[in-house]
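Heads up: the structure comes next, in structure tokens.
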Amino acid sequence: MKSPSRPNNEVERLSALRESGLLEIENHPSYDRLTRLAKRLFAVPVAMINLVDEHVVVVKSADGADTTNLPRNLSFCGHTVLSDTPLVVPDTLDDARFADNPLATDDDPVRFYAGYPLHLPNGATVGSLCIIDHQPRQFSASDVEALADLAALVEVEFAAICASIIDDLTGLYNRRGFHHLATYAIRAARRRAEPLTLAWLDLDRFKQINARFGRADGDNALKAMASLLSSTFREADVLARYGGDEFAILFANSDEKGAWVAMQFLTEQAAVWNEHAEYPWSLSFSWGVSEFNHDRDDLEGWLKTADEMMYSMKQQRGTGC
């Protein structure tokens with residue numbers, strides 16, 4: 001048996017998968033409709049939509065099989081994500097990669113497999129739509145086209161879910177996206193015994209910008225803040241417009257001291273931006289940081305603590321709304 005290798009862009013691929021929210025969002029009814037359609041269209045006993053995570057294949061929908069996650073090293077879908085072309089195995093016992101795979105030799109063996117790689121809107125390959133038979137079979141060019149059409153429908157659903165966690169105005173994650181990613185980040189940090197720090201940021205005098213210069217300038221201030229965050233912090237940091245003029249930054253593998261240094265640098269970058277900006281208002285903000293306590297904190301309490309620290313700075317500076 002040959003375990004699937006890792007794509008050359010594995011780090012970026014996994015990052016895109018986790019940031020998409022697909023792993024955290026509950027299974028979508030549309031997935032089940034598409035696997036039912038695939039099973040009926042190809043007259044196979046099993047159709048599945050799977051996501052390939054770091055160590056496991058996460059089953060998002062399965063018609064004809066259970067939804068238990070599979071070890072990636074045994075999976076067929078782990079091979080499918082290595083290419084942008086479909087993987088078709090007419091008879092697994094005639095393929096050296098799978099002939100002695102336990103999935104191909106158990107009581108309900110995978111003797112035929114056809115998987116089409118699934119992509120996110122940014123092009124990252126994150127999983128597959130696959131069909132399985134317990135008997136060998138052939139798969140024609142027209143069959144491949146039909147499977148591609150169904151895979152495209154799955155990708156439409158992926159795109160809709162990704163869009164639902166992105167703020168339209170700034171392109172950062174929205175509240176829903178932030179909660180999904182923060183939940184995942186907390187679990188990962190606990191598992192790895194790594195620090196995780198949250199920064200909470202609120203624009204100063206944002207209501208005054210809207211009132212004096214108009215809503216368009218208010219939107220420009222929000223977009224400018226988002227751009228400044230994106231250009232200042234690491235790709236591994238989670239950036240979100242939580243709501244209104246509130247922003248959240250999740251610093252992965254950083255303690256509170258490190259987050260303070262990062263936020264001080266953001267303040268310096270904002271000063272540089274203001275020197276060259278051509279708006280009648282300046283970009284300023286109040287902020288607070290809070291390191292997650294793995295023994296005590298939960299997400300809701302953590303957000304509240306960071307918000308209180310931000311509000312304390314706003315009161316001290318008298319910047320108001």
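In the structure tokens, each chain is lettered A, B, ... as it comes, each chain's residues begin at 1, and ligands are numbered from 1 in order of appearance.
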
**Q.** Contacts of Val46 in chain A at 8 Å (only C-alpha atoms; same-chain gap of 6+ positions) as a PyMOL selection string
**A.** chain A and resi 39+62-65+131-133

Now that the selection is made, can you save its residues with C-alpha atoms as a PDB file, in the first residue's frame?
```pdb
ATOM      1  CA  LYS A  39     -25.130   7.835  -6.234  1.00  0.00           C
ATOM      2  CA  ALA A  62     -21.896  10.106   2.628  1.00  0.00           C
ATOM      3  CA  ASP A  63     -24.738   8.300   0.893  1.00  0.00           C
ATOM      4  CA  GLY A  64     -24.287   4.558   1.318  1.00  0.00           C
ATOM      5  CA  ALA A  65     -21.591   4.741   3.997  1.00  0.00           C
ATOM      6  CA  ILE A 131     -18.019   7.582  -5.920  1.00  0.00           C
ATOM      7  CA  ILE A 132     -17.253   4.005  -4.871  1.00  0.00           C
ATOM      8  CA  ASP A 133     -18.305   0.553  -5.993  1.00  0.00           C
TER       9      ASP A 133
END
```

(Q) If we count only C-alpha atoms and set the cut-off at 12 Å, which residues sit around Asn220 in chain A, ignoring sequence neighbours fewer than 4 positions away in its own chain? Please answer as an MDAnalysis selection string. (A) chainID A and resid 169:170 206 209:210 213:216 224:227 245 277:283

Q: Pick out the residues sitting within 6 Å of Cys130 in chain A, and hand them over as a PyMOL selection string; count only C-alpha atoms, and ignore anything fewer than 3 positions along from it in its own chain.
A: chain A and resi 47-48+114-115

Keeping all heavy atoms for every residue in the selection just given, could you write it to a file as a PDB file, in the first residue's frame?
```pdb
ATOM      1  N   ALA A  47     -21.498   7.349  -2.455  1.00  0.00           N
ATOM      2  CA  ALA A  47     -21.027   8.643  -2.958  1.00  0.00           C
ATOM      3  C   ALA A  47     -20.708   9.507  -1.748  1.00  0.00           C
ATOM      4  O   ALA A  47     -21.451   9.508  -0.755  1.00  0.00           O
ATOM      5  CB  ALA A  47     -22.071   9.314  -3.844  1.00  0.00           C
ATOM      6  N   MET A  48     -19.603  10.246  -1.821  1.00  0.00           N
ATOM      7  CA  MET A  48     -19.138  10.997  -0.655  1.00  0.00           C
ATOM      8  C   MET A  48     -18.575  12.353  -1.051  1.00  0.00           C
ATOM      9  O   MET A  48     -18.046  12.524  -2.158  1.00  0.00           O
ATOM     10  CB  MET A  48     -18.039  10.212   0.092  1.00  0.00           C
ATOM     11  CG  MET A  48     -18.414   8.801   0.476  1.00  0.00           C
ATOM     12  SD  MET A  48     -17.021   7.883   1.218  1.00  0.00           S
ATOM     13  CE  MET A  48     -16.998   8.604   2.856  1.00  0.00           C
ATOM     14  N   ALA A 114     -13.676   6.669  -8.056  1.00  0.00           N
ATOM     15  CA  ALA A 114     -13.498   7.838  -8.928  1.00  0.00           C
ATOM     16  C   ALA A 114     -13.679   9.077  -8.064  1.00  0.00           C
ATOM     17  O   ALA A 114     -14.729   9.255  -7.442  1.00  0.00           O
ATOM     18  CB  ALA A 114     -14.486   7.825 -10.086  1.00  0.00           C
ATOM     19  N   GLY A 115     -12.651   9.901  -7.991  1.00  0.00           N
ATOM     20  CA  GLY A 115     -12.709  11.114  -7.175  1.00  0.00           C
ATOM     21  C   GLY A 115     -12.346  12.337  -7.976  1.00  0.00           C
ATOM     22  O   GLY A 115     -11.400  12.313  -8.777  1.00  0.00           O
TER      23      GLY A 115
END
```

Residues within 10 Å of Glu24 in chain A, only C-alpha atoms, excluding chain neighbours under 3 positions, as a PDB file with N, CA, C and O atoms, in the first residue's frame:
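So the final result, stored in part.pdb, reads:
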```
ATOM      1  N   ARG A  18      -8.720  25.536   6.701  1.00  0.00           N
ATOM      2  CA  ARG A  18      -9.156  25.900   8.042  1.00  0.00           C
ATOM      3  C   ARG A  18      -9.769  27.293   8.092  1.00  0.00           C
ATOM      4  O   ARG A  18     -10.735  27.536   8.821  1.00  0.00           O
ATOM      5  N   GLU A  19      -9.225  28.193   7.304  1.00  0.00           N
ATOM      6  CA  GLU A  19      -9.780  29.545   7.291  1.00  0.00           C
ATOM      7  C   GLU A  19     -11.113  29.618   6.559  1.00  0.00           C
ATOM      8  O   GLU A  19     -11.878  30.560   6.746  1.00  0.00           O
ATOM      9  N   SER A  20     -11.409  28.625   5.738  1.00  0.00           N
ATOM     10  CA  SER A  20     -12.662  28.633   4.983  1.00  0.00           C
ATOM     11  C   SER A  20     -13.883  28.467   5.871  1.00  0.00           C
ATOM     12  O   SER A  20     -14.993  28.876   5.512  1.00  0.00           O
ATOM     13  N   GLY A  21     -13.708  27.855   7.037  1.00  0.00           N
ATOM     14  CA  GLY A  21     -14.836  27.564   7.904  1.00  0.00           C
ATOM     15  C   GLY A  21     -15.531  26.261   7.583  1.00  0.00           C
ATOM     16  O   GLY A  21     -16.431  25.838   8.310  1.00  0.00           O
ATOM     17  N   ASN A  27     -22.605  20.007   8.767  1.00  0.00           N
ATOM     18  CA  ASN A  27     -22.860  19.491   7.424  1.00  0.00           C
ATOM     19  C   ASN A  27     -24.059  20.189   6.784  1.00  0.00           C
ATOM     20  O   ASN A  27     -25.068  20.429   7.424  1.00  0.00           O
ATOM     21  N   GLY A 177     -17.279  34.180  10.889  1.00  0.00           N
ATOM     22  CA  GLY A 177     -15.999  33.596  10.512  1.00  0.00           C
ATOM     23  C   GLY A 177     -15.012  33.617  11.656  1.00  0.00           C
ATOM     24  O   GLY A 177     -14.270  32.652  11.878  1.00  0.00           O
ATOM     25  N   HIS A 179     -15.646  33.569  14.887  1.00  0.00           N
ATOM     26  CA  HIS A 179     -15.995  32.586  15.912  1.00  0.00           C
ATOM     27  C   HIS A 179     -15.584  31.181  15.484  1.00  0.00           C
ATOM     28  O   HIS A 179     -15.082  30.403  16.303  1.00  0.00           O
ATOM     29  N   HIS A 180     -15.776  30.845  14.197  1.00  0.00           N
ATOM     30  CA  HIS A 180     -15.361  29.530  13.726  1.00  0.00           C
ATOM     31  C   HIS A 180     -13.848  29.357  13.865  1.00  0.00           C
ATOM     32  O   HIS A 180     -13.369  28.332  14.358  1.00  0.00           O
ATOM     33  N   LEU A 181     -13.101  30.366  13.434  1.00  0.00           N
ATOM     34  CA  LEU A 181     -11.645  30.249  13.451  1.00  0.00           C
ATOM     35  C   LEU A 181     -11.088  30.326  14.875  1.00  0.00           C
ATOM     36  O   LEU A 181     -10.120  29.644  15.203  1.00  0.00           O
ATOM     37  N   THR A 183     -12.590  29.316  17.578  1.00  0.00           N
ATOM     38  CA  THR A 183     -12.867  28.025  18.207  1.00  0.00           C
ATOM     39  C   THR A 183     -11.820  26.998  17.796  1.00  0.00           C
ATOM     40  O   THR A 183     -11.298  26.235  18.629  1.00  0.00           O
ATOM     41  N   TYR A 184     -11.512  26.977  16.510  1.00  0.00           N
ATOM     42  CA  TYR A 184     -10.491  26.047  16.022  1.00  0.00           C
ATOM     43  C   TYR A 184      -9.123  26.393  16.618  1.00  0.00           C
ATOM     44  O   TYR A 184      -8.371  25.508  17.034  1.00  0.00           O
TER      45      TYR A 184
END
```

Residues of range 104-165 of chain A within 10 Å of range 72-93 of chain A: nearest atom pair and distance (Å, one decimal) for each, counting only C-alpha atoms, sorted by chain and number, as CSV?
```
residue,atom,partner,partner_atom,distance
A:Ala104,CA,A:Thr92,CA,6.6
A:Thr105,CA,A:Leu93,CA,8.6
A:Pro109,CA,A:Thr92,CA,9.2
A:Val110,CA,A:Thr92,CA,7.0
A:Arg111,CA,A:Thr92,CA,5.0
A:Phe112,CA,A:Pro90,CA,5.1
A:Tyr113,CA,A:Val89,CA,5.1
A:Ala114,CA,A:Val88,CA,4.3
A:Gly115,CA,A:Leu87,CA,5.2
A:Tyr116,CA,A:Pro86,CA,4.5
A:Pro117,CA,A:Val81,CA,5.7
A:Leu118,CA,A:Val81,CA,7.9
A:His119,CA,A:Asp84,CA,9.0
A:Gly123,CA,A:Asp84,CA,10.0
A:Ala124,CA,A:Val81,CA,9.5
A:Thr125,CA,A:Val81,CA,6.0
A:Val126,CA,A:Val81,CA,6.8
A:Gly127,CA,A:Val81,CA,6.1
A:Ser128,CA,A:Cys77,CA,6.2
A:Leu129,CA,A:Cys77,CA,8.6
A:Cys130,CA,A:Cys77,CA,7.8
A:Ile131,CA,A:Val88,CA,9.7
A:Ile132,CA,A:Val89,CA,9.7
A:Asp133,CA,A:Pro90,CA,9.5
A:His134,CA,A:Asp91,CA,9.6
A:Gln135,CA,A:Asp91,CA,7.8
A:Pro136,CA,A:Asp91,CA,4.8
A:Arg137,CA,A:Pro90,CA,5.3
A:Gln138,CA,A:Pro90,CA,5.5
A:Phe139,CA,A:Pro90,CA,7.1
A:Ser140,CA,A:Val88,CA,9.9
A:Val144,CA,A:Pro86,CA,7.6
A:Glu145,CA,A:Pro86,CA,9.9
A:Leu147,CA,A:Pro86,CA,8.9
A:Ala148,CA,A:Pro86,CA,8.3
```

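Once Ile166 in chain A and its same-chain neighbours fewer than 4 positions away are set aside, Ser20, Ile161, Cys162, Thr170, Gly171, Leu172, Tyr173, Asn174, Arg175, Arg176, Gly177, Phe178, Ala240 and Arg241 of chain A remain within 10 Å of it when counting only C-alpha atoms.
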
Q: Would you mind telling me which residue in A:Ile165, A:Ala146, A:Leu70, A:Ala199 lies nearest to Leu266 in chain A when using only C-alpha atoms?
A: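 Among the listed residues, the smallest separation from Leu266 in chain A belongs to A:Ala199.
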
Q: Once DSSP has gone over the backbone, tell me which residues of range 139-285 of chain A are in strand (DSSP E), as a PyMOL selection string.
A: chain A and resi 196-203+238-243+246-252+285

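Closest approach to Arg33 in chain A from the set A:Ser231, A:Tyr242, A:Glu157, A:Pro195 is made by A:Glu157, with distances taken over only C-alpha atoms.
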
Q. In Å, how far is it from CA of Leu250 in chain A to CA of Asp237 in chain A?
A. 5.5 Å
